[in-house]
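Chemist: Hey, dropping data36.pdb in here, PDB, C-alpha atoms:
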```
ATOM      1  CA  MET A   1       0.000   0.000   0.000  1.00  0.00           C
ATOM      2  CA  ASP A   2       3.027   2.318   0.352  1.00  0.00           C
ATOM      3  CA  ALA A   3       3.392   2.533  -3.439  1.00  0.00           C
ATOM      4  CA  GLU A   4      -0.276   3.494  -3.760  1.00  0.00           C
ATOM      5  CA  ARG A   5       0.078   6.113  -1.033  1.00  0.00           C
ATOM      6  CA  ALA A   6       3.090   7.616  -2.801  1.00  0.00           C
ATOM      7  CA  LEU A   7       1.178   7.612  -6.092  1.00  0.00           C
ATOM      8  CA  THR A   8      -1.868   9.327  -4.567  1.00  0.00           C
ATOM      9  CA  GLU A   9       0.428  11.981  -3.087  1.00  0.00           C
ATOM     10  CA  LYS A  10       1.853  12.633  -6.566  1.00  0.00           C
ATOM     11  CA  ILE A  11      -1.662  12.840  -8.020  1.00  0.00           C
ATOM     12  CA  ILE A  12      -2.732  15.278  -5.303  1.00  0.00           C
ATOM     13  CA  GLY A  13       0.385  17.382  -5.945  1.00  0.00           C
ATOM     14  CA  ALA A  14      -0.416  17.461  -9.660  1.00  0.00           C
ATOM     15  CA  ALA A  15      -4.038  18.392  -8.911  1.00  0.00           C
ATOM     16  CA  MET A  16      -2.822  21.249  -6.706  1.00  0.00           C
ATOM     17  CA  GLU A  17      -0.606  22.456  -9.553  1.00  0.00           C
ATOM     18  CA  VAL A  18      -3.630  22.468 -11.879  1.00  0.00           C
ATOM     19  CA  HIS A  19      -5.830  24.205  -9.283  1.00  0.00           C
ATOM     20  CA  ASP A  20      -3.152  26.830  -8.634  1.00  0.00           C
ATOM     21  CA  TYR A  21      -3.012  27.525 -12.365  1.00  0.00           C
ATOM     22  CA  TRP A  22      -6.757  27.658 -13.127  1.00  0.00           C
ATOM     23  CA  GLY A  23      -8.449  28.316  -9.792  1.00  0.00           C
ATOM     24  CA  PRO A  24     -12.097  27.310  -9.254  1.00  0.00           C
ATOM     25  CA  GLY A  25     -14.986  27.967 -11.620  1.00  0.00           C
ATOM     26  CA  LEU A  26     -14.230  26.088 -14.841  1.00  0.00           C
ATOM     27  CA  ILE A  27     -15.905  23.008 -16.268  1.00  0.00           C
ATOM     28  CA  GLU A  28     -14.764  19.522 -15.282  1.00  0.00           C
ATOM     29  CA  SER A  29     -13.227  18.627 -18.649  1.00  0.00           C
ATOM     30  CA  ILE A  30     -10.696  21.481 -18.399  1.00  0.00           C
ATOM     31  CA  TYR A  31      -9.424  20.154 -15.076  1.00  0.00           C
ATOM     32  CA  GLU A  32      -9.449  16.563 -16.346  1.00  0.00           C
ATOM     33  CA  LYS A  33      -7.373  17.336 -19.436  1.00  0.00           C
ATOM     34  CA  SER A  34      -5.022  19.551 -17.447  1.00  0.00           C
ATOM     35  CA  LEU A  35      -4.507  16.976 -14.678  1.00  0.00           C
ATOM     36  CA  ALA A  36      -3.875  14.191 -17.197  1.00  0.00           C
ATOM     37  CA  HIS A  37      -1.318  16.398 -18.936  1.00  0.00           C
ATOM     38  CA  GLU A  38       0.374  17.360 -15.655  1.00  0.00           C
ATOM     39  CA  LEU A  39       0.673  13.698 -14.651  1.00  0.00           C
ATOM     40  CA  SER A  40       2.082  12.827 -18.085  1.00  0.00           C
ATOM     41  CA  LEU A  41       4.666  15.605 -17.732  1.00  0.00           C
ATOM     42  CA  GLN A  42       5.773  13.905 -14.509  1.00  0.00           C
ATOM     43  CA  GLY A  43       6.175  10.575 -16.301  1.00  0.00           C
ATOM     44  CA  ILE A  44       3.096   9.019 -14.699  1.00  0.00           C
ATOM     45  CA  LYS A  45       0.866   6.820 -16.871  1.00  0.00           C
ATOM     46  CA  VAL A  46      -2.684   8.112 -17.046  1.00  0.00           C
ATOM     47  CA  LYS A  47      -5.722   7.120 -19.090  1.00  0.00           C
ATOM     48  CA  ARG A  48      -8.630   9.514 -19.598  1.00  0.00           C
ATOM     49  CA  GLN A  49     -12.281   8.645 -20.149  1.00  0.00           C
ATOM     50  CA  VAL A  50     -11.708   4.932 -19.671  1.00  0.00           C
ATOM     51  CA  ARG A  51     -14.637   2.921 -20.933  1.00  0.00           C
ATOM     52  CA  LEU A  52     -15.913   0.100 -18.770  1.00  0.00           C
ATOM     53  CA  ASP A  53     -17.779  -2.814 -20.276  1.00  0.00           C
ATOM     54  CA  LEU A  54     -20.568  -3.716 -17.904  1.00  0.00           C
ATOM     55  CA  LYS A  55     -22.477  -6.942 -17.675  1.00  0.00           C
ATOM     56  CA  TYR A  56     -25.562  -7.732 -15.622  1.00  0.00           C
ATOM     57  CA  LYS A  57     -25.890 -11.498 -15.199  1.00  0.00           C
ATOM     58  CA  ASP A  58     -25.874 -12.707 -18.842  1.00  0.00           C
ATOM     59  CA  LEU A  59     -26.771  -9.298 -20.338  1.00  0.00           C
ATOM     60  CA  GLU A  60     -23.947  -7.296 -21.879  1.00  0.00           C
ATOM     61  CA  LEU A  61     -24.729  -3.613 -21.448  1.00  0.00           C
ATOM     62  CA  ASP A  62     -23.644  -1.508 -24.371  1.00  0.00           C
ATOM     63  CA  ASP A  63     -24.086   1.788 -22.587  1.00  0.00           C
ATOM     64  CA  GLU A  64     -21.171   4.172 -22.780  1.00  0.00           C
ATOM     65  CA  PHE A  65     -19.839   4.178 -19.226  1.00  0.00           C
ATOM     66  CA  THR A  66     -16.545   5.905 -18.603  1.00  0.00           C
ATOM     67  CA  LEU A  67     -14.298   6.768 -15.695  1.00  0.00           C
ATOM     68  CA  ASP A  68     -12.553  10.146 -15.558  1.00  0.00           C
ATOM     69  CA  LEU A  69      -8.983   8.919 -14.955  1.00  0.00           C
ATOM     70  CA  ILE A  70      -7.093   5.761 -14.105  1.00  0.00           C
ATOM     71  CA  VAL A  71      -3.556   6.528 -12.999  1.00  0.00           C
ATOM     72  CA  ASP A  72      -0.812   3.941 -13.421  1.00  0.00           C
ATOM     73  CA  GLY A  73      -3.508   1.266 -13.581  1.00  0.00           C
ATOM     74  CA  LYS A  74      -3.858   1.507  -9.789  1.00  0.00           C
ATOM     75  CA  VAL A  75      -5.790   4.620  -8.758  1.00  0.00           C
ATOM     76  CA  ILE A  76      -9.211   5.793  -9.935  1.00  0.00           C
ATOM     77  CA  VAL A  77      -9.523   9.575  -9.978  1.00  0.00           C
ATOM     78  CA  GLU A  78     -13.042  10.971 -10.105  1.00  0.00           C
ATOM     79  CA  LEU A  79     -13.221  14.703 -10.704  1.00  0.00           C
ATOM     80  CA  LYS A  80     -16.034  17.012  -9.690  1.00  0.00           C
ATOM     81  CA  VAL A  81     -16.902  20.670 -10.007  1.00  0.00           C
ATOM     82  CA  VAL A  82     -19.658  20.989  -7.415  1.00  0.00           C
ATOM     83  CA  LYS A  83     -20.599  23.231  -4.510  1.00  0.00           C
ATOM     84  CA  GLU A  84     -19.562  20.501  -2.085  1.00  0.00           C
ATOM     85  CA  LEU A  85     -18.819  16.798  -2.146  1.00  0.00           C
ATOM     86  CA  ALA A  86     -21.707  14.593  -1.030  1.00  0.00           C
ATOM     87  CA  PRO A  87     -21.849  11.004   0.252  1.00  0.00           C
ATOM     88  CA  ILE A  88     -23.197   9.888  -3.148  1.00  0.00           C
ATOM     89  CA  HIS A  89     -19.933  11.008  -4.766  1.00  0.00           C
ATOM     90  CA  GLU A  90     -17.966   8.757  -2.410  1.00  0.00           C
ATOM     91  CA  ALA A  91     -20.381   5.881  -3.078  1.00  0.00           C
ATOM     92  CA  GLN A  92     -19.918   6.412  -6.826  1.00  0.00           C
ATOM     93  CA  LEU A  93     -16.140   6.228  -6.475  1.00  0.00           C
ATOM     94  CA  MET A  94     -16.363   3.081  -4.332  1.00  0.00           C
ATOM     95  CA  THR A  95     -18.492   1.441  -7.056  1.00  0.00           C
ATOM     96  CA  TYR A  96     -15.917   2.383  -9.702  1.00  0.00           C
ATOM     97  CA  MET A  97     -13.162   0.902  -7.553  1.00  0.00           C
ATOM     98  CA  LYS A  98     -15.074  -2.366  -7.150  1.00  0.00           C
ATOM     99  CA  LEU A  99     -15.790  -2.565 -10.887  1.00  0.00           C
ATOM    100  CA  THR A 100     -12.150  -2.040 -11.857  1.00  0.00           C
ATOM    101  CA  GLY A 101     -10.422  -3.882  -9.025  1.00  0.00           C
ATOM    102  CA  CYS A 102      -8.502  -0.726  -8.077  1.00  0.00           C
ATOM    103  CA  LYS A 103      -8.118  -0.601  -4.322  1.00  0.00           C
ATOM    104  CA  VAL A 104      -7.540   3.158  -4.071  1.00  0.00           C
ATOM    105  CA  GLY A 105      -9.451   6.136  -5.391  1.00  0.00           C
ATOM    106  CA  LEU A 106      -9.317   9.903  -5.206  1.00  0.00           C
ATOM    107  CA  LEU A 107     -12.338  12.160  -5.347  1.00  0.00           C
ATOM    108  CA  ILE A 108     -11.259  15.688  -6.258  1.00  0.00           C
ATOM    109  CA  ASN A 109     -13.579  18.696  -6.321  1.00  0.00           C
ATOM    110  CA  PHE A 110     -11.944  21.627  -8.118  1.00  0.00           C
ATOM    111  CA  ASN A 111     -14.737  24.061  -7.207  1.00  0.00           C
ATOM    112  CA  VAL A 112     -13.150  25.121  -3.911  1.00  0.00           C
ATOM    113  CA  LEU A 113     -10.889  27.964  -2.824  1.00  0.00           C
ATOM    114  CA  LYS A 114      -8.313  25.596  -1.273  1.00  0.00           C
ATOM    115  CA  LEU A 115      -7.990  22.285  -3.083  1.00  0.00           C
ATOM    116  CA  LYS A 116      -7.137  20.402   0.119  1.00  0.00           C
ATOM    117  CA  ASP A 117     -10.766  21.038   1.167  1.00  0.00           C
ATOM    118  CA  GLY A 118     -12.013  19.225  -1.964  1.00  0.00           C
ATOM    119  CA  ILE A 119     -10.032  15.981  -1.779  1.00  0.00           C
ATOM    120  CA  ARG A 120     -11.148  12.603  -0.445  1.00  0.00           C
ATOM    121  CA  ARG A 121      -8.957   9.485  -0.564  1.00  0.00           C
ATOM    122  CA  LEU A 122     -10.861   6.207  -0.389  1.00  0.00           C
ATOM    123  CA  SER A 123      -9.642   2.632  -0.244  1.00  0.00           C
ATOM    124  CA  LEU A 124     -11.173  -0.812  -0.372  1.00  0.00           C
ATOM    125  CA  PRO A 125     -10.377  -3.333   2.352  1.00  0.00           C
TER     126      PRO A 125
END
```
In structure tokens, write the structure found in this file.

Modeler:
Amino acid sequence: MDAERALTEKIIGAAMEVHDYWGPGLIESIYEKSLAHELSLQGIKVKRQVRLDLKYKDLELDDEFTLDLIVDGKVIVELKVVKELAPIHEAQLMTYMKLTGCKVGLLINFNVLKLKDGIRRLSLP
């Protein structure tokens, strides 16, 4: 888990860099593209808008379902631009983590004055 903790710290640092540059008030896609680029500049593998193929029992669902970011194949990053994070946002991230097998996730709300107030780190047992 130490490697995942170090990775989440790098992601948070990159998110702070993006937030310092843009500040609050933009749309989510601007922060997503900027964070992915910042992570890439640091040599960290990141995939944007990762499609998940979902299946319910024997029914393959062809709905377009995508995650914001998967970093280094280990950490799900769900971005928000909302007044405040709600329990449903954490539940959403936990579901994404279960679906992908990633044990760690970051929920980052860029619509705050201080980014540290908009970050939640979650992990599966």

Chemist: Given the file shown, enumerate the residues that the PyMOL selection byres ((chain A and resi 98-106) around 9) captures and present them as a compact mmCIF listing (two decimals) with C-alpha atoms, in the coordinates of the input.

Modeler:
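The file below, result_39.txt, is the result:
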```txt
# COMPACT_ATOMS: atom_id res chain seq x y z
CA GLU A 4 -0.28 3.49 -3.76
CA ARG A 5 0.08 6.11 -1.03
CA THR A 8 -1.87 9.33 -4.57
CA ILE A 11 -1.66 12.84 -8.02
CA ILE A 12 -2.73 15.28 -5.30
CA LEU A 52 -15.91 0.10 -18.77
CA LEU A 54 -20.57 -3.72 -17.90
CA ILE A 70 -7.09 5.76 -14.10
CA GLY A 73 -3.51 1.27 -13.58
CA LYS A 74 -3.86 1.51 -9.79
CA VAL A 75 -5.79 4.62 -8.76
CA ILE A 76 -9.21 5.79 -9.94
CA VAL A 77 -9.52 9.57 -9.98
CA GLU A 78 -13.04 10.97 -10.10
CA LEU A 79 -13.22 14.70 -10.70
CA LEU A 93 -16.14 6.23 -6.48
CA MET A 94 -16.36 3.08 -4.33
CA THR A 95 -18.49 1.44 -7.06
CA TYR A 96 -15.92 2.38 -9.70
CA MET A 97 -13.16 0.90 -7.55
CA LEU A 107 -12.34 12.16 -5.35
CA ILE A 108 -11.26 15.69 -6.26
CA ILE A 119 -10.03 15.98 -1.78
CA ARG A 120 -11.15 12.60 -0.44
CA ARG A 121 -8.96 9.48 -0.56
CA LEU A 122 -10.86 6.21 -0.39
CA SER A 123 -9.64 2.63 -0.24
CA LEU A 124 -11.17 -0.81 -0.37
CA PRO A 125 -10.38 -3.33 2.35
```

Chemist: Residue by residue, what does the PyMOL selection byres ((chain A and resi 113) around 10) grab here? Present the result as a VMD selection string.

Modeler: chain A and resid 19 to 20 23 to 25 110 to 112 114 to 118

Chemist: Of the residues A:Asp68, A:Glu38, A:Asp63, A:Glu90, which is the one nearest to A:Val50, using only C-alpha atoms?

Modeler: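 Of A:Asp68, A:Glu38, A:Asp63, A:Glu90, the one nearest A:Val50, counting only C-alpha atoms, is A:Asp68.
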
Chemist: Between atom CA of A:Phe65 and atom CA of A:Asp53, what is the spacing in Å?

Modeler: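 Interatomic distance, atom CA of A:Asp53 to atom CA of A:Phe65: 7.4 Å.
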
Chemist: What does the distance from atom CA of A:Leu69 to atom CA of A:Gln49 come to in Å, to one decimal?

Modeler: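 One can read the atom CA of A:Leu69 to atom CA of A:Gln49 distance as 6.2 Å.
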
Chemist: Which distance in Å separates atom CA of A:Leu39 and atom CA of A:Ala14, to one decimal?

Modeler: 6.3 Å

Chemist: Please evaluate the PyMOL selection byres ((chain A and resi 43) around 12) against the displayed coordinates and give the resulting residues as a list in words.

Modeler: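 The output of the PyMOL selection byres ((chain A and resi 43) around 12) on this file is Leu7, Lys10, Ile11, Ala14, Ala36, His37, Glu38, Leu39, Ser40, Leu41, Gln42, Ile44, Lys45, Val46, Val71 and Asp72 of chain A.
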
Chemist: Put the listed atoms of stretch 6-21 of chain A in a box along x, y and z with 4 Å added on every side and give me the centre and edge lengths in Å to one decimal, as AutoDock Vina command-line options.

Modeler:
```
--center_x -1.4 --center_y 17.6 --center_z -7.6 --size_x 16.9 --size_y 27.9 --size_z 17.6
```

Chemist: With N, CA and C atoms as the target, complete stretch 37-67 of chain A and hand it back as a PDB file, in the coordinates of the input.

Modeler:
```pdb
ATOM      1  N   HIS A  37      -2.541  15.865 -18.333  1.00  0.00           N
ATOM      2  CA  HIS A  37      -1.318  16.398 -18.936  1.00  0.00           C
ATOM      3  C   HIS A  37      -0.232  16.596 -17.877  1.00  0.00           C
ATOM      4  N   GLU A  38      -0.600  17.143 -16.736  1.00  0.00           N
ATOM      5  CA  GLU A  38       0.374  17.360 -15.655  1.00  0.00           C
ATOM      6  C   GLU A  38       0.982  16.039 -15.200  1.00  0.00           C
ATOM      7  N   LEU A  39       0.164  15.011 -15.050  1.00  0.00           N
ATOM      8  CA  LEU A  39       0.673  13.698 -14.651  1.00  0.00           C
ATOM      9  C   LEU A  39       1.605  13.133 -15.719  1.00  0.00           C
ATOM     10  N   SER A  40       1.235  13.299 -16.987  1.00  0.00           N
ATOM     11  CA  SER A  40       2.082  12.827 -18.085  1.00  0.00           C
ATOM     12  C   SER A  40       3.436  13.541 -18.079  1.00  0.00           C
ATOM     13  N   LEU A  41       3.413  14.843 -17.810  1.00  0.00           N
ATOM     14  CA  LEU A  41       4.666  15.605 -17.732  1.00  0.00           C
ATOM     15  C   LEU A  41       5.592  15.061 -16.647  1.00  0.00           C
ATOM     16  N   GLN A  42       4.999  14.477 -15.613  1.00  0.00           N
ATOM     17  CA  GLN A  42       5.773  13.905 -14.509  1.00  0.00           C
ATOM     18  C   GLN A  42       6.143  12.439 -14.765  1.00  0.00           C
ATOM     19  N   GLY A  43       5.821  11.948 -15.945  1.00  0.00           N
ATOM     20  CA  GLY A  43       6.175  10.575 -16.301  1.00  0.00           C
ATOM     21  C   GLY A  43       5.257   9.527 -15.704  1.00  0.00           C
ATOM     22  N   ILE A  44       4.057   9.938 -15.300  1.00  0.00           N
ATOM     23  CA  ILE A  44       3.096   9.019 -14.699  1.00  0.00           C
ATOM     24  C   ILE A  44       2.073   8.624 -15.759  1.00  0.00           C
ATOM     25  N   LYS A  45       1.830   7.314 -15.895  1.00  0.00           N
ATOM     26  CA  LYS A  45       0.866   6.820 -16.871  1.00  0.00           C
ATOM     27  C   LYS A  45      -0.553   7.172 -16.426  1.00  0.00           C
ATOM     28  N   VAL A  46      -1.299   7.744 -17.351  1.00  0.00           N
ATOM     29  CA  VAL A  46      -2.684   8.112 -17.046  1.00  0.00           C
ATOM     30  C   VAL A  46      -3.553   7.855 -18.267  1.00  0.00           C
ATOM     31  N   LYS A  47      -4.746   7.331 -18.025  1.00  0.00           N
ATOM     32  CA  LYS A  47      -5.722   7.120 -19.090  1.00  0.00           C
ATOM     33  C   LYS A  47      -6.949   7.955 -18.750  1.00  0.00           C
ATOM     34  N   ARG A  48      -7.446   8.674 -19.749  1.00  0.00           N
ATOM     35  CA  ARG A  48      -8.630   9.514 -19.598  1.00  0.00           C
ATOM     36  C   ARG A  48      -9.845   8.844 -20.215  1.00  0.00           C
ATOM     37  N   GLN A  49     -11.007   9.120 -19.613  1.00  0.00           N
ATOM     38  CA  GLN A  49     -12.281   8.645 -20.149  1.00  0.00           C
ATOM     39  C   GLN A  49     -12.200   7.159 -20.515  1.00  0.00           C
ATOM     40  N   VAL A  50     -11.881   6.372 -19.505  1.00  0.00           N
ATOM     41  CA  VAL A  50     -11.708   4.932 -19.671  1.00  0.00           C
ATOM     42  C   VAL A  50     -13.081   4.261 -19.693  1.00  0.00           C
ATOM     43  N   ARG A  51     -13.346   3.589 -20.777  1.00  0.00           N
ATOM     44  CA  ARG A  51     -14.637   2.921 -20.933  1.00  0.00           C
ATOM     45  C   ARG A  51     -14.639   1.598 -20.174  1.00  0.00           C
ATOM     46  N   LEU A  52     -15.729   1.369 -19.463  1.00  0.00           N
ATOM     47  CA  LEU A  52     -15.913   0.100 -18.770  1.00  0.00           C
ATOM     48  C   LEU A  52     -17.019  -0.683 -19.462  1.00  0.00           C
ATOM     49  N   ASP A  53     -16.751  -1.942 -19.727  1.00  0.00           N
ATOM     50  CA  ASP A  53     -17.779  -2.814 -20.276  1.00  0.00           C
ATOM     51  C   ASP A  53     -18.502  -3.458 -19.101  1.00  0.00           C
ATOM     52  N   LEU A  54     -19.783  -3.207 -19.021  1.00  0.00           N
ATOM     53  CA  LEU A  54     -20.568  -3.716 -17.904  1.00  0.00           C
ATOM     54  C   LEU A  54     -21.457  -4.863 -18.348  1.00  0.00           C
ATOM     55  N   LYS A  55     -21.645  -5.775 -17.410  1.00  0.00           N
ATOM     56  CA  LYS A  55     -22.477  -6.942 -17.675  1.00  0.00           C
ATOM     57  C   LYS A  55     -23.352  -7.185 -16.453  1.00  0.00           C
ATOM     58  N   TYR A  56     -24.639  -7.372 -16.690  1.00  0.00           N
ATOM     59  CA  TYR A  56     -25.562  -7.732 -15.622  1.00  0.00           C
ATOM     60  C   TYR A  56     -26.042  -9.145 -15.897  1.00  0.00           C
ATOM     61  N   LYS A  57     -25.618 -10.070 -15.021  1.00  0.00           N
ATOM     62  CA  LYS A  57     -25.890 -11.498 -15.199  1.00  0.00           C
ATOM     63  C   LYS A  57     -25.423 -11.889 -16.596  1.00  0.00           C
ATOM     64  N   ASP A  58     -26.309 -12.311 -17.496  1.00  0.00           N
ATOM     65  CA  ASP A  58     -25.874 -12.707 -18.842  1.00  0.00           C
ATOM     66  C   ASP A  58     -26.114 -11.606 -19.885  1.00  0.00           C
ATOM     67  N   LEU A  59     -26.476 -10.405 -19.441  1.00  0.00           N
ATOM     68  CA  LEU A  59     -26.771  -9.298 -20.338  1.00  0.00           C
ATOM     69  C   LEU A  59     -25.574  -8.359 -20.441  1.00  0.00           C
ATOM     70  N   GLU A  60     -25.033  -8.238 -21.656  1.00  0.00           N
ATOM     71  CA  GLU A  60     -23.947  -7.296 -21.879  1.00  0.00           C
ATOM     72  C   GLU A  60     -24.566  -5.931 -22.139  1.00  0.00           C
ATOM     73  N   LEU A  61     -24.190  -4.964 -21.315  1.00  0.00           N
ATOM     74  CA  LEU A  61     -24.729  -3.613 -21.448  1.00  0.00           C
ATOM     75  C   LEU A  61     -23.838  -2.821 -22.390  1.00  0.00           C
ATOM     76  N   ASP A  62     -24.443  -2.245 -23.404  1.00  0.00           N
ATOM     77  CA  ASP A  62     -23.644  -1.508 -24.371  1.00  0.00           C
ATOM     78  C   ASP A  62     -23.665  -0.001 -24.120  1.00  0.00           C
ATOM     79  N   ASP A  63     -24.073   0.376 -22.938  1.00  0.00           N
ATOM     80  CA  ASP A  63     -24.086   1.788 -22.587  1.00  0.00           C
ATOM     81  C   ASP A  63     -22.659   2.314 -22.481  1.00  0.00           C
ATOM     82  N   GLU A  64     -22.476   3.527 -22.912  1.00  0.00           N
ATOM     83  CA  GLU A  64     -21.171   4.172 -22.780  1.00  0.00           C
ATOM     84  C   GLU A  64     -20.988   4.561 -21.318  1.00  0.00           C
ATOM     85  N   PHE A  65     -20.103   3.883 -20.628  1.00  0.00           N
ATOM     86  CA  PHE A  65     -19.839   4.178 -19.226  1.00  0.00           C
ATOM     87  C   PHE A  65     -18.345   4.395 -19.086  1.00  0.00           C
ATOM     88  N   THR A  66     -17.965   5.591 -18.672  1.00  0.00           N
ATOM     89  CA  THR A  66     -16.545   5.905 -18.603  1.00  0.00           C
ATOM     90  C   THR A  66     -16.147   6.482 -17.257  1.00  0.00           C
ATOM     91  N   LEU A  67     -14.913   6.198 -16.892  1.00  0.00           N
ATOM     92  CA  LEU A  67     -14.298   6.768 -15.695  1.00  0.00           C
ATOM     93  C   LEU A  67     -13.471   7.974 -16.114  1.00  0.00           C
TER      94      LEU A  67
END
```
